[in-house]
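Everything below belongs to target_26.cif, which stores mmCIF, C-alpha atoms.
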```cif
data_data
loop_
_atom_site.group_PDB
_atom_site.id
_atom_site.type_symbol
_atom_site.label_atom_id
_atom_site.label_comp_id
_atom_site.auth_asym_id
_atom_site.auth_seq_id
_atom_site.Cartn_x
_atom_site.Cartn_y
_atom_site.Cartn_z
ATOM 1 C CA MET A 1 39.095 -22.770 16.191
ATOM 2 C CA GLY A 2 38.738 -19.539 14.303
ATOM 3 C CA LYS A 3 36.134 -18.575 11.826
ATOM 4 C CA GLU A 4 36.836 -19.896 8.329
ATOM 5 C CA ILE A 5 37.504 -17.134 5.819
ATOM 6 C CA VAL A 6 35.513 -17.542 2.624
ATOM 7 C CA SER A 7 36.206 -15.595 -0.561
ATOM 8 C CA SER A 8 33.600 -13.190 -1.907
ATOM 9 C CA ALA A 9 32.910 -15.377 -4.958
ATOM 10 C CA ASP A 10 32.456 -18.501 -2.819
ATOM 11 C CA ASN A 11 30.163 -16.615 -0.451
ATOM 12 C CA GLU A 12 28.076 -15.328 -3.367
ATOM 13 C CA HIS A 13 27.911 -18.863 -4.793
ATOM 14 C CA LEU A 14 26.775 -20.232 -1.431
ATOM 15 C CA TYR A 15 24.191 -17.466 -1.055
ATOM 16 C CA LEU A 16 22.804 -18.051 -4.551
ATOM 17 C CA LYS A 17 22.511 -21.787 -3.924
ATOM 18 C CA SER A 18 20.753 -21.275 -0.587
ATOM 19 C CA ASN A 19 18.498 -18.602 -2.042
ATOM 20 C CA ALA A 20 17.514 -20.821 -4.984
ATOM 21 C CA LEU A 21 16.675 -23.765 -2.721
ATOM 22 C CA PHE A 22 14.718 -21.440 -0.433
ATOM 23 C CA SER A 23 12.853 -20.009 -3.437
ATOM 24 C CA PHE A 24 12.009 -23.505 -4.668
ATOM 25 C CA ALA A 25 10.631 -24.531 -1.276
ATOM 26 C CA LEU A 26 8.685 -21.271 -0.952
ATOM 27 C CA GLY A 27 7.268 -21.658 -4.451
ATOM 28 C CA PHE A 28 6.245 -25.214 -3.635
ATOM 29 C CA VAL A 29 4.436 -23.973 -0.501
ATOM 30 C CA PHE A 30 2.511 -21.360 -2.490
ATOM 31 C CA THR A 31 1.527 -23.694 -5.329
ATOM 32 C CA PHE A 32 0.858 -26.649 -3.030
ATOM 33 C CA ASP A 33 -1.608 -24.594 -0.988
ATOM 34 C CA VAL A 34 -3.620 -23.648 -4.070
ATOM 35 C CA ILE A 35 -3.508 -27.153 -5.544
ATOM 36 C CA ASP A 36 -4.570 -28.600 -2.182
ATOM 37 C CA GLN A 37 -7.561 -26.252 -2.046
ATOM 38 C CA ALA A 38 -8.514 -27.009 -5.647
ATOM 39 C CA PHE A 39 -8.498 -30.772 -5.120
ATOM 40 C CA SER A 40 -9.783 -30.828 -1.539
ATOM 41 C CA SER A 41 -13.040 -32.516 -2.538
ATOM 42 C CA ILE A 42 -11.135 -35.424 -4.101
ATOM 43 C CA ILE A 43 -8.605 -35.688 -1.277
ATOM 44 C CA GLU A 44 -11.045 -35.563 1.645
ATOM 45 C CA ASN A 45 -12.425 -39.005 0.813
ATOM 46 C CA ASN A 46 -8.991 -40.655 0.719
ATOM 47 C CA HIS A 47 -7.347 -40.763 4.161
ATOM 48 C CA TRP A 48 -3.953 -42.034 2.955
ATOM 49 C CA VAL A 49 -3.554 -39.320 0.347
ATOM 50 C CA ASP A 50 -4.359 -36.731 2.996
ATOM 51 C CA ILE A 51 -1.702 -38.181 5.342
ATOM 52 C CA LEU A 52 0.850 -38.316 2.504
ATOM 53 C CA LEU A 53 0.210 -34.716 1.468
ATOM 54 C CA THR A 54 0.336 -33.524 5.083
ATOM 55 C CA GLY A 55 3.668 -35.299 5.555
ATOM 56 C CA MET A 56 5.014 -33.743 2.374
ATOM 57 C CA GLY A 57 3.849 -30.338 3.566
ATOM 58 C CA VAL A 58 5.641 -30.736 6.897
ATOM 59 C CA ILE A 59 8.843 -31.827 5.139
ATOM 60 C CA VAL A 60 8.688 -28.860 2.752
ATOM 61 C CA LEU A 61 8.132 -26.459 5.662
ATOM 62 C CA LEU A 62 11.161 -27.930 7.454
ATOM 63 C CA VAL A 63 13.248 -27.540 4.291
ATOM 64 C CA LEU A 64 11.961 -23.976 4.034
ATOM 65 C CA VAL A 65 13.093 -23.129 7.569
ATOM 66 C CA VAL A 66 16.494 -24.812 7.117
ATOM 67 C CA GLN A 67 17.096 -23.009 3.824
ATOM 68 C CA LEU A 68 16.014 -19.695 5.352
ATOM 69 C CA VAL A 69 18.617 -20.123 8.095
ATOM 70 C CA LYS A 70 21.280 -21.094 5.527
ATOM 71 C CA THR A 71 20.378 -18.115 3.348
ATOM 72 C CA LEU A 72 20.539 -15.719 6.287
ATOM 73 C CA HIS A 73 23.909 -17.179 7.274
ATOM 74 C CA ALA A 74 25.262 -16.929 3.715
ATOM 75 C CA MET A 75 24.283 -13.292 3.315
ATOM 76 C CA GLU A 76 26.492 -12.143 6.200
ATOM 77 C CA GLY A 77 29.456 -11.419 3.921
ATOM 78 C CA LEU A 78 27.507 -10.083 0.955
ATOM 79 C CA SER A 79 27.495 -6.513 -0.208
ATOM 80 C CA LYS A 80 24.240 -4.589 -0.031
ATOM 81 C CA ALA A 81 24.065 -4.462 -3.835
ATOM 82 C CA ALA A 82 24.280 -8.254 -4.058
ATOM 83 C CA PHE A 83 21.543 -8.735 -1.470
ATOM 84 C CA TRP A 84 19.070 -6.043 -2.516
ATOM 85 C CA TYR A 85 19.625 -5.871 -6.263
ATOM 86 C CA GLY A 86 21.177 -9.226 -7.121
ATOM 87 C CA ASP A 87 24.271 -7.430 -8.391
ATOM 88 C CA PHE A 88 26.980 -9.984 -7.653
ATOM 89 C CA GLN A 89 30.688 -9.271 -8.064
ATOM 90 C CA ASP A 90 31.371 -12.699 -9.576
ATOM 91 C CA GLU A 91 30.308 -12.571 -13.233
ATOM 92 C CA TYR A 92 29.263 -16.220 -13.447
ATOM 93 C CA VAL A 93 27.095 -16.022 -10.318
ATOM 94 C CA ASN A 94 25.567 -12.825 -11.685
ATOM 95 C CA PHE A 95 24.881 -14.588 -15.013
ATOM 96 C CA ILE A 96 23.149 -17.516 -13.280
ATOM 97 C CA ASN A 97 21.079 -15.156 -11.124
ATOM 98 C CA LEU A 98 19.959 -13.134 -14.158
ATOM 99 C CA LYS A 99 19.095 -16.352 -15.994
ATOM 100 C CA GLY A 100 16.777 -17.253 -13.111
ATOM 101 C CA TYR A 101 15.125 -13.833 -13.237
ATOM 102 C CA LYS A 102 14.612 -14.156 -16.995
ATOM 103 C CA TRP A 103 12.980 -17.569 -16.615
ATOM 104 C CA ALA A 104 10.723 -16.295 -13.829
ATOM 105 C CA PHE A 105 9.638 -13.280 -15.856
ATOM 106 C CA THR A 106 9.035 -15.366 -18.976
ATOM 107 C CA MET A 107 7.034 -17.964 -17.038
ATOM 108 C CA ALA A 108 4.841 -15.353 -15.350
ATOM 109 C CA ILE A 109 4.154 -13.462 -18.575
ATOM 110 C CA SER A 110 3.454 -16.701 -20.471
ATOM 111 C CA VAL A 111 0.949 -17.977 -17.920
ATOM 112 C CA LEU A 112 -0.783 -14.614 -17.681
ATOM 113 C CA LEU A 113 -0.953 -14.302 -21.487
ATOM 114 C CA ILE A 114 -2.436 -17.782 -21.770
ATOM 115 C CA PHE A 115 -5.130 -16.825 -19.281
ATOM 116 C CA CYS A 116 -5.772 -13.563 -21.135
ATOM 117 C CA ILE A 117 -6.031 -15.269 -24.523
ATOM 118 C CA PHE A 118 -8.230 -18.107 -23.296
ATOM 119 C CA ASP A 119 -10.343 -15.929 -21.014
ATOM 120 C CA ASP A 120 -13.613 -17.641 -21.906
ATOM 121 C CA LEU A 121 -12.257 -21.103 -21.114
ATOM 122 C CA ALA A 122 -10.600 -19.853 -17.930
ATOM 123 C CA ASP A 123 -13.962 -18.695 -16.586
ATOM 124 C CA VAL A 124 -15.363 -22.192 -16.875
ATOM 125 C CA ALA A 125 -12.275 -24.069 -15.697
ATOM 126 C CA PHE A 126 -11.343 -21.799 -12.812
ATOM 127 C CA SER A 127 -14.663 -20.457 -11.594
ATOM 128 C CA SER A 128 -14.047 -21.826 -8.099
ATOM 129 C CA ILE A 129 -10.575 -20.252 -7.715
ATOM 130 C CA SER A 130 -10.450 -16.765 -6.278
ATOM 131 C CA ILE A 131 -8.173 -13.973 -7.467
ATOM 132 C CA SER A 132 -6.178 -14.377 -4.259
ATOM 133 C CA ASP A 133 -5.585 -18.076 -4.916
ATOM 134 C CA PHE A 134 -4.699 -17.397 -8.550
ATOM 135 C CA SER A 135 -2.214 -14.721 -7.474
ATOM 136 C CA GLU A 136 -0.731 -17.098 -4.912
ATOM 137 C CA PHE A 137 -0.338 -19.737 -7.621
ATOM 138 C CA ILE A 138 1.408 -17.265 -9.961
ATOM 139 C CA VAL A 139 3.766 -16.185 -7.160
ATOM 140 C CA GLY A 140 4.585 -19.828 -6.497
ATOM 141 C CA LEU A 141 5.291 -20.402 -10.180
ATOM 142 C CA ILE A 142 7.562 -17.340 -10.231
ATOM 143 C CA PHE A 143 9.600 -18.664 -7.294
ATOM 144 C CA ILE A 144 9.869 -22.113 -8.865
ATOM 145 C CA ALA A 145 10.719 -20.697 -12.310
ATOM 146 C CA TYR A 146 13.499 -18.606 -10.757
ATOM 147 C CA SER A 147 14.961 -21.417 -8.708
ATOM 148 C CA LEU A 148 15.021 -24.289 -11.212
ATOM 149 C CA PRO A 149 17.462 -22.788 -13.754
ATOM 150 C CA VAL A 150 19.650 -21.498 -10.921
ATOM 151 C CA ILE A 151 19.753 -24.900 -9.206
ATOM 152 C CA TYR A 152 20.371 -26.655 -12.541
ATOM 153 C CA SER A 153 23.179 -24.263 -13.498
ATOM 154 C CA LEU A 154 24.861 -24.592 -10.106
ATOM 155 C CA TYR A 155 24.502 -28.390 -10.243
ATOM 156 C CA LYS A 156 25.932 -28.478 -13.768
ATOM 157 C CA ASP A 157 28.778 -26.191 -12.632
ATOM 158 C CA SER A 158 29.642 -28.406 -9.644
ATOM 159 C CA GLU A 159 29.440 -31.523 -11.825
ATOM 160 C CA ASN A 160 32.088 -30.114 -14.202
ATOM 161 C CA GLU A 161 34.583 -29.494 -11.395
#
```
Could you write out this file's structure as structure tokens?
Amino acid sequence: MGKEIVSSADNEHLYLKSNALFSFALGFVFTFDVIDQAFSSIIENNHWVDILLTGMGVIVLLVLVVQLVKTLHAMEGLSKAAFWYGDFQDEYVNFINLKGYKWAFTMAISVLLIFCIFDDLADVAFSSISISDFSEFIVGLIFIAYSLPVIYSLYKDSENE
């Protein structure tokens, strides 16, 4: 059996789907780590919650590895511009990708502006969270905010076919 030939648009679509699912899993890992640290005092007393969260973490890490392999496989036929700059040849795939970037940018700016505006309240509420943890949380939100509109648009597109 020979290798199946896939068109450039189909390959870009496959890459975008794999990349969005990988970004969602990676964003979940970043945000989950910070949320786990923030609520560790509540969780440490409940053994079943700890087991459930550990199981969820293992599943998300497995999804992350699987999606990384799928993303690496899908990028074999991509141009360098599509991989490095997100400049896809298919206009619809490019539109979906840019929509994800816009959502990620808007989410990051919105969260940072909220923390800037409510600086006095943020000191009280987040005094135990370090700058590193806060940055990790923002990065996780950026990955999730990029991936959700991309996944939704691709799902809506496949539903219409």
Output check: residues returned by the PyMOL selection byres ((chain A and resi 92-104) around 7), as a ChimeraX atom specification: /A:13,87-88,90-91,105-108,142,145-147,149-150,153
Who sits within 8 Å of range 66-71 of chain A, all atoms listed in the file, same chain under 6 positions skipped, as a count of residues only: 5
A:Ala81, A:Ile138, A:Leu154, A:Ile131 ranked by distance to Ile109 in chain A, top pick (using all atoms listed in the file): A:Ile138
Counting only C-alpha atoms, the option among A:Lys80, A:Leu112, A:Asp133, A:Gly140 closest to Glu12 in chain A: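 For Glu12 in chain A, the nearest of the candidates is A:Lys80.
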Target residues per the PyMOL selection byres ((chain A and resi 28-40) around 12), formatted as a count of residues only: 51
CA of Asp10 in chain A to CA of Tyr152 in chain A, straight-line distance in Å: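 These atoms are spaced 17.5 Å apart.
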CA of Ala9 in chain A to CA of Gln89 in chain A, distance in Å rounded to a single decimal: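 Separation between CA of Ala9 in chain A and CA of Gln89 in chain A: 7.2 Å.
Across the model, the gap from CA of Leu16 in chain A to CA of Leu78 in chain A is 10.8 Å.
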Given all atoms listed in the file as the counted atoms, nearest of A:Ile51, A:Asp119, A:Asn11, A:Val111 to Leu72 in chain A: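 Using all atoms listed in the file, Leu72 in chain A sits closest to A:Asn11.
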